[in-house]
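Q: Mind looking over this structure? Questions follow.
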Amino acid sequence: MRLIFLGDIVGRSGREGVLRHLPMLRDRLKPDFIVVNGENAAGGFGITEKIAQELFAAGVDCVTLGNHAWDQKELLSQIDRMPQLVRPINFPDGTPGRGYTVLPAKNGRHKVLVINAMGRVFMDPLDDPFPPVEKVLRIHQLGGARMGPAGVDAVIMDFHGEASSEKMIMGHILDGRASLVVGTHCHVPTADLQILNGGTAYQTDAGMCGDYDTVIGMKKEAAIHKMLRKIPGERYSPGENDATVTVCGVFVETDDRTGHAKRAEPIRIGGRLGQSIPTLA
Ligand code: FE2
């Protein structure tokens, strides 16, 4: 199967960047499944149902979230009607929405498990992410129908966290049981995309889909002011320059029988960052 994961969409410029480049990516890479992290899609803070639906209409199969999941409060009452929208699995019991989902691939033959979890190092305290992820992976095992009726053909894990070490630990723990473990939240793509020993594609951070002439997607003047003056200044808002928007993510091809990654390449399209646009062999 061919999988695309795109990192955190930041604001209007990030959304439009994704919508601008996705048709070309779909045409070129013929993906069977597309996941994007949308937790900063609404003005940099959270996501709305309308924005999620726009992404689904553009061919996105699943949207993941993170620490900004509830910044748009109306999502609390909307999330339960969107099975393709996943929030971190380690929120407290009783939190609306779901921490994982199993969805059909575009080819209609395969099933994809998407899990979203949040790290705890340098992040708001949450439940331990490792036990609930283990529980899900024991039920939905990689390897397709030969793993039983709950078997899945691909597993994509978005681990939303700050610390590279914590994300690497998740990668190694899931090695062989996931097709892709990818980090989000840092908004900077790391150069460590690799296939781990057991066959799991891994990247510490996918990078954002947003304006890179900023401080992690937000206008740099306000961020610099706050850092230097330590007094409230202009409210943070996403960068708006379409010319410096780069869409960042990862492209993975899996073995249809095992669900393991055979190939993993970075995606970077648009202004500012060095370009990386995979092609099909
Ligand atoms: Fe985040």
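Chains: A, B, ... in order of the structure tokens. Residues: from 1 per chain. Ligands: from 1, in order shown.
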Ligand 1: which residues are within 8 Å, counting only C-alpha atoms and all ligand atoms, as a list of chain:residue names?
A: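 Taking only C-alpha atoms and all ligand atoms into account, the residues around ligand 1 at most 8 Å away are A:Asp8, A:Glu39, A:Asn40, A:Leu65, A:Gly66, A:Asn67, A:His68, A:His160, A:Gly161, A:Thr184, A:His185, A:Cys186.
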Q: DSSP on the backbone: what in stretch 69-264 of chain A comes out strand (DSSP E or B), as an NGL selection string?
A: :A and (85-86 or 100-104 or 111-118 or 142 or 152 or 154-160 or 175 or 178 or 180-184 or 194-195 or 201-203 or 209-211 or 215 or 218 or 238 or 245-254 or 261-264)
Q: Using only C-alpha atoms, tabulate the residues of stretch 85-157 of chain A lying at most 10 Å from any atom of stretch 200-207 of chain A, each with its closest atom pair and that distance in Å to one decimal, by chain and increasing residue number, as JSON lines.
A:
{"residue": "A:Val155", "atom": "CA", "partner": "A:Thr200", "partner_atom": "CA", "distance": 9.3}
{"residue": "A:Ile156", "atom": "CA", "partner": "A:Ala201", "partner_atom": "CA", "distance": 9.5}
{"residue": "A:Met157", "atom": "CA", "partner": "A:Tyr202", "partner_atom": "CA", "distance": 9.7}
Q: Distance atom CA of A:Thr254-atom CA of A:Asp158, one decimal place?
A: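 Separating atom CA of A:Thr254 from atom CA of A:Asp158 is a distance of 17.0 Å.
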Q: Which residue gives the smallest distance to A:Leu6 among A:Lys219, A:Arg177, A:His187, A:His225, with only C-alpha atoms counted?
A: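 Smallest separation from A:Leu6 among the options: A:His187.
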